[in-house]
Amino acid sequence: MLRDYNLQVSVQEGCKKILVSDYFNLHNKLVRSQQRGVGVIDEMVCSACHRSVITRDVLRLNNIVVYNCKHCFHEQCVGNQTSNCGICHPTKNT
């Protein structure tokens, strides 16, 4: 009976080591993927005003904000709410 208990404890410790290792590997993979740049192409439009985010008109140049979800906005269309995408995480007006 004591041998079975020791075997069970040994298996649990092995599983814990595997889980911790998997957690850190997946966490590193997630961080690396979120630190990559997001490509912006000519066809992309602002999700708020629906104008093109890339323009050749010098008078209409704007900074843009692009989220990992690939939604992009002109900086002035987003305002102060730049931490989360307004489409994926809408604010509640209560």
# chains A, B, ... in the order shown; residues from 1 in each chain; ligands from 1

call {"tool": "residues_around", "arguments": {"residues": "Leu61 (chain A)", "least_positions_apart": "5", "cutoff": "12 Å", "atoms": "only C-alpha atoms", "output": "short mmCIF file (atom, residue, chain, number, x, y, z; two decimals) with C-alpha atoms, in the first residue's frame"}}
result
data_model
loop_
_atom_site.label_atom_id
_atom_site.label_comp_id
_atom_site.auth_asym_id
_atom_site.auth_seq_id
_atom_site.Cartn_x
_atom_site.Cartn_y
_atom_site.Cartn_z
CA ARG A 51 -11.72 56.33 -44.24
CA SER A 52 -8.48 54.83 -45.51
CA VAL A 53 -5.74 54.74 -42.88
CA ILE A 54 -3.02 55.25 -45.47
CA THR A 55 -3.24 58.47 -47.45
CA ARG A 56 -0.90 60.34 -49.71
CA HIS A 74 -7.00 56.90 -36.72
CA GLU A 75 -5.55 58.16 -33.46
CA GLN A 76 -8.12 60.96 -33.17
#

call {"tool": "select_by_dssp", "arguments": {"residues": "region 6-84 of chain A", "states": "strand (DSSP E)", "output": "VMD selection string"}}
result
chain A and resid 64 to 66 72 to 74

call {"tool": "select_by_dssp", "arguments": {"residues": "region 4-46 of chain A", "states": "alpha helix (DSSP H)", "output": "PyMOL selection string"}}
result
chain A and resi 4-35

call {"tool": "closest_residue", "arguments": {"among": "A:Thr91, A:Arg60, A:Val78, A:Asn68", "to": "Val31 (chain A)", "atoms": "only C-alpha atoms"}}
result
A:Asn68

call {"tool": "atom_distance", "arguments": {"atom1": "CA of Glu43 (chain A)", "atom2": "CA of Thr82 (chain A)"}}
result
22.1 Å

call {"tool": "atom_distance", "arguments": {"atom1": "CA of Ile87 (chain A)", "atom2": "CA of Phe73 (chain A)"}}
result
10.5 Å

call {"tool": "closest_residue", "arguments": {"among": "A:Leu59, A:Leu19, A:Cys46, A:Val40", "to": "Cys72 (chain A)", "atoms": "only C-alpha atoms"}}
result
A:Cys46

call {"tool": "closest_residue", "arguments": {"among": "A:Ile18, A:Pro90, A:Cys77, A:Glu13", "to": "Asn62 (chain A)", "atoms": "only C-alpha atoms"}}
result
A:Cys77
